[in-house]
Amino acid sequence: MSLDPKELEDFRAEVRAWFEENRPADPGFLLPQSFMEVGTDEQFHFLRDWQRKVYEAGYLGMAWPKAYGGGGQPQALQDIVTREMMRAKVPFMVNTIGLNWAGPLILNMGSEEQKKAYIPGILSAEDIWCQGFSEPDHGSDLGSAQMKAVRDGTDFVLNGSKIWTSLGVHARYMILLARSNPHANNKYEGLSFYLIPMQIPGIEVRPIRKLTGEYGFNQTFFRDARVPESCLIGGEGNGWRVAMATLMFERGAAGGQAGGHAMMSTEVSEVVALARVAKRGGRPAIEDPLVRDQLVRFLIEERGLALNSARKRLAPLNAEYPLSIAMAGKLAVSEFQRRLCQFALSLEGGRAAYYVGDAHAIDRGLWQRAYFNAFSATIGGGTSEIQHNIIGERVLGLAKS
Amino acid sequence: MFEGAKRPTIKFSDEQAQLLDIAASFARDKFPLSAARARIAAEADLDKEIWSEMAALGWLGVAIPEDFGGSGLGLGEAVAIVEPLGRHVAGTPLVSTTLLAQALLKAGTEFQKRTYLPKLAEGGIGALALSEESGDWNLTNLAATATKTVDGVALSGVKTFVTDATSAELMLISVLWNGRPALAVLDRAAFGKGRMTRETVIDETRRSYRVTLDGMVVQDCYFLEAAQTAAAFKHLDEAACLLAAAEMCGGAAGVIATTVEYLKTRKQFGRLIGSYQALKHPMVDALMLLDAARSHLYFAAGVVGEGKEGEIAVRMAKAAAGEALAFAADRAIQFHGGFGFTYDCDAQLYRRLGLWGEARHGDAAWQRARLAELML
Ligand SMILES: Cc1cc2nc3c(=O)[nH]c(=O)nc-3n(C[C@H](O)[C@H](O)[C@H](O)COP(=O)(O)OP(=O)(O)OC[C@H]3O[C@@H](n4cnc5c(N)ncnc54)[C@H](O)[C@@H]3O)c2cc1C
């Protein structure tokens with residue numbers, strides 16, 4: 001089904017009106033900027049209700065198959081909705097892991113039963129998903145993960161621990177990478193990938209306090225937790241391949257996500273607004289030539305990122321490094337956000353020393369918190385250093401480090 | 001305007017795609033880096049053979065309307081030719097010729113357009129005598145003058161960085177006339193009366209001249225329409241930024257490829273040096289700067305001339321391309337080790353291309369200052 005520009009424009013107008021009308025009221029507490037920052041039950045429930053409402057309006061999973069609760073419509077329509085959501089600055093879709101990587105993975109590689117069982121709950125936010133990849137001793141070196149999955153008849157028995165589990169306390173399911181064969185030829189072949197329920201005996205989730213002082217992610221402990229072999233996805237011993245496919249979805253290097261935005265990003269215009277009210281030597285900071293130069297640098301960079309997405313679709317302009325823009329997106333955006341927030345904080349002068357909770361903090365301490373939280377994306381999902389390695393090796397073809 | 005969430009589109013035509021393809025293979029064939037070195041050493045200012053091939057391909061008229069002997073495309077198509085040439089450090093008179101035509105299109109009299117545009121489209125070289133000893137990037141800050149005399153209008157003053165002056169058939173000259181910035185287009189008979197001295201410039205592939213205007217006497221009819229002159233200056237500046245951005249994006253792509261190749265072959269401590277993160281990670285940073293710069297470039301190529309948005313786009317493109325090339329070529333020298341310090345290493349050709357490009361029509365900091373005026 002192809003749509004003419006007029007139909008697309010009409011649809012956009014309809015969507016815009018819907019989000020204007022249905023934008024949730026200010027809850028009276030600070031909302032997280034991304035799924036990695038959901039720290040309280042009230043934040044969680046507020047965001048879950050919002051996702052359900054968007055889904056029920058038909059604006060989520062629009063291009064996913066109807067049979068599993070999707071809309072069976074063209075991706076172009078979902079893209080319009082996602083863009084309008086960002087434009088309207090409504091809260092993000094909290095079931096991020098489900099919508100953006102577990103879901104596409106299940107649709108891609110899962111069995112019919114798995115699709116039927118999991119996809120509808122991902123879309124409605126009934127089933128929140130979390131991700132069990134990182135371990136206390138193995139993060140960047142994911143391939144060395146040691147958590148045990150020992151076969152016992154038609155079950156697997158899980159022992160060990162996963163850490164930095166975002167949404168862990170709220171999740172009904174987890175995508176889990178674990179070692180099913182400690183004697184495999186190499187470390188990668190010993191891994192298997194599971195879709196496991198969280199509410200079973202032997203799984204305990206403990207919140208971890210993050211650098212902002214709030215709670216965000218968790219450590220998950222497994223003690224003889226037992227799951228059936230039907231939890232496997234991609235086949236026993238194929239865990240590494242499945243994990244790599246998952247990371248492609250997670251980093252946005254592969255398409256097929258349900259849609260909706262996954263994080264609230266800071267725009268340069270907000271920092272420009274701050275520079276107009278912040279003072280330097282009694283004058284608005286925006287009059288300082290160095291501040292102006294830096295703001296323009298950020299404006300150029302911000303637009304460059306938006307234009308990269310536009311250029312990515314023009315094959316003749318991607319002939320030399322076809323994967324470059326897609327593979328570098330996460331690195332580019334996360335580092336940009338971190339530097340932008342850091343700069344915003346510097347504009348506050350002496351008042352940058354306040355922190356969230358002090359009545360005198362500018363914007364309730366938003367920028368202090370935003371800067372700290374920005375590291376969630378430069379570390380989570382594979383650190384910036386690891387992204388550099390990957391791009392250097394896969395895009396430029398340099399030798400492995 | 002340009003909200004973060006609104007997805008911008010890049011206008012990219014089939015013609016641009018074709019030209020990009022053709023220009024890339026032409027540049028590969030005709031301008032290996034050894035050719036750049038040969039051009040530096042050559043006696044003659046111009047390789048006439050290559051130039052006439054470029055003319056035969058119709059490249060000099062891409063941004064000239066069909067009525068005036070061109071192919072009626074636009075500056076966006078010129079970008080698709082200039083970028084691959086930049087990659088091969090192929091400094092030809094293409095850019096100055098294209099820009100001279102742009103000035104005529106903006107402010108030329110009917111007579112000037114009819115007479116000169118077809119000439120340029122056919123391969124007549126255009127030279128730009130716009131900058132002066134002050135090095136000011138504001139093209140209307142002028143010291144050269146035009147004065148009415150009994151014989152006509154006498155020009156006086158000094159113009160700098162006039163590339164391909166000796167090969168040119170037409171020269172665009174900026175002067176103060178009655179205290180106002182003015183533009184005149186001179187044919188060889190007129191500008192030949194001035195004195196030309198070869199300049200030693202940082203990008204050695206350029207044939208650049210200092211041109212003394214004293215002795216040149218012209219008539220009123222050499223001047224571009226006074227009422228359009230301000231617009232022509234502005235357009236020249238913006239078009240020059242766009243094409244310089246194209247050249248520098250090409251340069252950045254070229255120097256990244258050259259350096260990556262070295263990092264894939266050179267070994268130290270028994271390992272390919274490209275495996276060291278101290279080299280690998282900055283190469284990725286260079287690639288990301290290039291990606292952003294090219295996105296800016298092709299966006300700007302589609303909106304150049306469209307008022308304030310067009311100006312913002314070309315200035316961003318030039319700032320981004322300048323910084324991308326500066327970073328990539330600077331690291332290229334370092335990453336070639338002792339060889340990088342030699343004249344033989346191609347890294348210097350690219351670093352020089354970037355320094356030249358930044359020194360013409362405003363470096364990145366200058367562009368950002370203009371952008372601050374436009375956007376903040
Ligand atoms: C907010 C947040 C949420 C997260 N959510 C989840 C989640 O839901 N599920 C999950 O499984 N994980 C999650 N993570 C974990 C994240 O994926 C890991 O933290 C990350 O992959 C890094 O692993 P590590 O913490 O063990 O650090 P390490 O791997 O120990 O890295 C330490 C430092 O060394 C650098 N380094 C390591 N190896 C190399 C190398 N080869 N070359 C160069 N530098 C290197 C790293 O870049 C880093 O700077 C989350 C992390 C954060 C911050």
# chains A, B, ... in the order shown; residues from 1 in each chain; ligands from 1
>>> interface_residues(of="chain B", to="chain A", cutoff="8 Å", atoms="only C-alpha atoms", output="ChimeraX atom specification")
/B:3-10,12,17,260,263-264,272,274-277,280-281,283-284,288,291-293,295-296,299,316,320,365,368-369,371-372,376
>>> residues_near_ligand(ligand="ligand 1", cutoff="8 Å", atoms="only C-alpha atoms and all ligand atoms", output="PyMOL selection string")
(chain A and resi 36-37+130-142+162-168+216-217+373+375-386+389+401) or (chain B and resi 277)
>>> residues_around(residues="A:Asn159", least_positions_apart="4", cutoff="6 Å", atoms="only C-alpha atoms", output="JSON, numbers by chain")
{"A": [148, 222, 223, 224]}
>>> select_by_dssp(residues="stretch 184-241 of chain B", states="alpha helix (DSSP H)", output="JSON, numbers by chain")
{"B": [188, 189, 190, 191, 226, 227, 228, 229, 230, 231, 232, 233, 234, 235, 236, 237, 238, 239, 240, 241]}
>>> select_by_dssp(residues="stretch 91-284 of chain A", states="strand (DSSP E)", output="PyMOL selection string")
chain A and resi 129-132+148-152+155-163+173-179+191-197+203-209+215-228+279-280+283-284
>>> residues_around(residues="A:Arg364", least_positions_apart="5", cutoff="12 Å", atoms="only C-alpha atoms", output="PyMOL selection string")
chain A and resi 29-30+351-352+354-359+369-370
>>> residues_around(residues="A:Val227", least_positions_apart="2", cutoff="8 Å", atoms="only C-alpha atoms", output="list of chain:residue names")
A:Asp155, A:Phe156, A:Val157, A:Leu158, A:Ile196, A:Ala225, A:Glu229, A:Cys231
>>> atom_distance(atom1="atom CA of A:Thr96", atom2="atom CA of A:Leu340")
23.6 Å
>>> decode(residues="stretch 12-28 of chain B", atoms="all heavy atoms", output="mmCIF file, in the first residue's frame")
data_model
loop_
_atom_site.group_PDB
_atom_site.id
_atom_site.type_symbol
_atom_site.label_atom_id
_atom_site.label_comp_id
_atom_site.auth_asym_id
_atom_site.auth_seq_id
_atom_site.Cartn_x
_atom_site.Cartn_y
_atom_site.Cartn_z
ATOM 1 N N PHE B 12 17.711 15.859 -3.622
ATOM 2 C CA PHE B 12 18.831 15.277 -4.364
ATOM 3 C C PHE B 12 18.296 14.728 -5.678
ATOM 4 O O PHE B 12 17.479 13.811 -5.694
ATOM 5 C CB PHE B 12 19.484 14.174 -3.528
ATOM 6 C CG PHE B 12 20.758 13.648 -4.119
ATOM 7 C CD1 PHE B 12 21.897 14.441 -4.144
ATOM 8 C CD2 PHE B 12 20.823 12.379 -4.640
ATOM 9 C CE1 PHE B 12 23.081 13.965 -4.687
ATOM 10 C CE2 PHE B 12 22.005 11.894 -5.188
ATOM 11 C CZ PHE B 12 23.131 12.685 -5.208
ATOM 12 N N SER B 13 18.758 15.320 -6.783
ATOM 13 C CA SER B 13 18.171 14.987 -8.081
ATOM 14 C C SER B 13 18.894 13.821 -8.746
ATOM 15 O O SER B 13 20.027 13.492 -8.397
ATOM 16 C CB SER B 13 18.254 16.210 -9.004
ATOM 17 O OG SER B 13 19.611 16.508 -9.281
ATOM 18 N N ASP B 14 18.226 13.214 -9.717
ATOM 19 C CA ASP B 14 18.867 12.164 -10.510
ATOM 20 C C ASP B 14 20.095 12.714 -11.222
ATOM 21 O O ASP B 14 21.097 12.027 -11.376
ATOM 22 C CB ASP B 14 17.892 11.618 -11.556
ATOM 23 C CG ASP B 14 16.754 10.856 -10.897
ATOM 24 O OD1 ASP B 14 16.902 10.502 -9.705
ATOM 25 O OD2 ASP B 14 15.721 10.633 -11.564
ATOM 26 N N GLU B 15 19.982 13.977 -11.654
ATOM 27 C CA GLU B 15 21.131 14.595 -12.336
ATOM 28 C C GLU B 15 22.325 14.671 -11.385
ATOM 29 O O GLU B 15 23.462 14.414 -11.775
ATOM 30 C CB GLU B 15 20.788 16.017 -12.814
ATOM 31 C CG GLU B 15 19.901 16.066 -14.033
ATOM 32 C CD GLU B 15 18.413 15.942 -13.680
ATOM 33 O OE1 GLU B 15 18.096 15.831 -12.480
ATOM 34 O OE2 GLU B 15 17.588 15.958 -14.615
ATOM 35 N N GLN B 16 22.047 15.036 -10.149
ATOM 36 C CA GLN B 16 23.143 15.097 -9.180
ATOM 37 C C GLN B 16 23.781 13.724 -9.013
ATOM 38 O O GLN B 16 25.003 13.596 -8.968
ATOM 39 C CB GLN B 16 22.635 15.591 -7.818
ATOM 40 C CG GLN B 16 22.577 17.104 -7.701
ATOM 41 C CD GLN B 16 21.911 17.524 -6.407
ATOM 42 O OE1 GLN B 16 20.746 17.212 -6.172
ATOM 43 N NE2 GLN B 16 22.634 18.218 -5.562
ATOM 44 N N ALA B 17 22.940 12.704 -8.929
ATOM 45 C CA ALA B 17 23.464 11.341 -8.739
ATOM 46 C C ALA B 17 24.340 10.947 -9.923
ATOM 47 O O ALA B 17 25.433 10.404 -9.750
ATOM 48 C CB ALA B 17 22.316 10.357 -8.561
ATOM 49 N N GLN B 18 23.850 11.264 -11.129
ATOM 50 C CA GLN B 18 24.631 10.910 -12.321
ATOM 51 C C GLN B 18 25.949 11.670 -12.371
ATOM 52 O O GLN B 18 27.004 11.101 -12.635
ATOM 53 C CB GLN B 18 23.839 11.233 -13.589
ATOM 54 C CG GLN B 18 22.815 10.171 -13.945
ATOM 55 C CD GLN B 18 21.787 10.694 -14.924
ATOM 56 O OE1 GLN B 18 22.008 11.703 -15.596
ATOM 57 N NE2 GLN B 18 20.653 10.010 -15.005
ATOM 58 N N LEU B 19 25.861 12.983 -12.096
ATOM 59 C CA LEU B 19 27.071 13.794 -12.150
ATOM 60 C C LEU B 19 28.090 13.326 -11.123
ATOM 61 O O LEU B 19 29.293 13.263 -11.388
ATOM 62 C CB LEU B 19 26.734 15.270 -11.924
ATOM 63 C CG LEU B 19 26.137 15.985 -13.141
ATOM 64 C CD1 LEU B 19 25.528 17.321 -12.740
ATOM 65 C CD2 LEU B 19 27.208 16.197 -14.219
ATOM 66 N N LEU B 20 27.600 12.982 -9.944
ATOM 67 C CA LEU B 20 28.487 12.518 -8.882
ATOM 68 C C LEU B 20 29.254 11.280 -9.347
ATOM 69 O O LEU B 20 30.462 11.151 -9.158
ATOM 70 C CB LEU B 20 27.645 12.203 -7.636
ATOM 71 C CG LEU B 20 28.360 11.963 -6.314
ATOM 72 C CD1 LEU B 20 29.166 13.193 -5.913
ATOM 73 C CD2 LEU B 20 27.347 11.653 -5.229
ATOM 74 N N ASP B 21 28.529 10.414 -10.000
ATOM 75 C CA ASP B 21 29.111 9.180 -10.494
ATOM 76 C C ASP B 21 30.156 9.441 -11.577
ATOM 77 O O ASP B 21 31.274 8.936 -11.528
ATOM 78 C CB ASP B 21 27.946 8.358 -11.087
ATOM 79 C CG ASP B 21 28.228 6.892 -11.014
ATOM 80 O OD1 ASP B 21 28.787 6.483 -9.976
ATOM 81 O OD2 ASP B 21 27.912 6.181 -11.987
ATOM 82 N N ILE B 22 29.759 10.264 -12.548
ATOM 83 C CA ILE B 22 30.659 10.565 -13.663
ATOM 84 C C ILE B 22 31.886 11.331 -13.173
ATOM 85 O O ILE B 22 33.018 11.016 -13.534
ATOM 86 C CB ILE B 22 29.925 11.395 -14.742
ATOM 87 C CG1 ILE B 22 28.768 10.576 -15.331
ATOM 88 C CG2 ILE B 22 30.880 11.834 -15.839
ATOM 89 C CD1 ILE B 22 27.824 11.390 -16.197
ATOM 90 N N ALA B 23 31.637 12.328 -12.328
ATOM 91 C CA ALA B 23 32.760 13.150 -11.845
ATOM 92 C C ALA B 23 33.710 12.315 -11.003
ATOM 93 O O ALA B 23 34.927 12.511 -11.041
ATOM 94 C CB ALA B 23 32.241 14.350 -11.051
ATOM 95 N N ALA B 24 33.156 11.364 -10.246
ATOM 96 C CA ALA B 24 34.033 10.529 -9.412
ATOM 97 C C ALA B 24 34.962 9.697 -10.289
ATOM 98 O O ALA B 24 36.160 9.598 -10.020
ATOM 99 C CB ALA B 24 33.205 9.636 -8.501
ATOM 100 N N SER B 25 34.425 9.119 -11.372
ATOM 101 C CA SER B 25 35.326 8.288 -12.181
ATOM 102 C C SER B 25 36.262 9.154 -13.017
ATOM 103 O O SER B 25 37.427 8.789 -13.222
ATOM 104 C CB SER B 25 34.558 7.266 -13.023
ATOM 105 O OG SER B 25 33.689 7.922 -13.886
ATOM 106 N N PHE B 26 35.785 10.301 -13.451
ATOM 107 C CA PHE B 26 36.661 11.235 -14.176
ATOM 108 C C PHE B 26 37.832 11.641 -13.273
ATOM 109 O O PHE B 26 38.996 11.597 -13.674
ATOM 110 C CB PHE B 26 35.859 12.477 -14.583
ATOM 111 C CG PHE B 26 36.641 13.500 -15.364
ATOM 112 C CD1 PHE B 26 36.756 13.405 -16.741
ATOM 113 C CD2 PHE B 26 37.242 14.574 -14.714
ATOM 114 C CE1 PHE B 26 37.465 14.360 -17.471
ATOM 115 C CE2 PHE B 26 37.957 15.533 -15.435
ATOM 116 C CZ PHE B 26 38.072 15.424 -16.814
ATOM 117 N N ALA B 27 37.507 12.015 -12.051
ATOM 118 C CA ALA B 27 38.551 12.471 -11.132
ATOM 119 C C ALA B 27 39.550 11.348 -10.839
ATOM 120 O O ALA B 27 40.752 11.573 -10.768
ATOM 121 C CB ALA B 27 37.927 12.992 -9.840
ATOM 122 N N ARG B 28 39.026 10.134 -10.685
ATOM 123 C CA ARG B 28 39.916 8.995 -10.433
ATOM 124 C C ARG B 28 40.891 8.778 -11.584
ATOM 125 O O ARG B 28 42.077 8.576 -11.385
ATOM 126 C CB ARG B 28 39.081 7.723 -10.249
ATOM 127 C CG ARG B 28 39.125 7.150 -8.843
ATOM 128 C CD ARG B 28 38.544 5.737 -8.773
ATOM 129 N NE ARG B 28 37.444 5.458 -9.680
ATOM 130 C CZ ARG B 28 36.157 5.607 -9.372
ATOM 131 N NH1 ARG B 28 35.807 6.059 -8.169
ATOM 132 N NH2 ARG B 28 35.209 5.312 -10.231
#
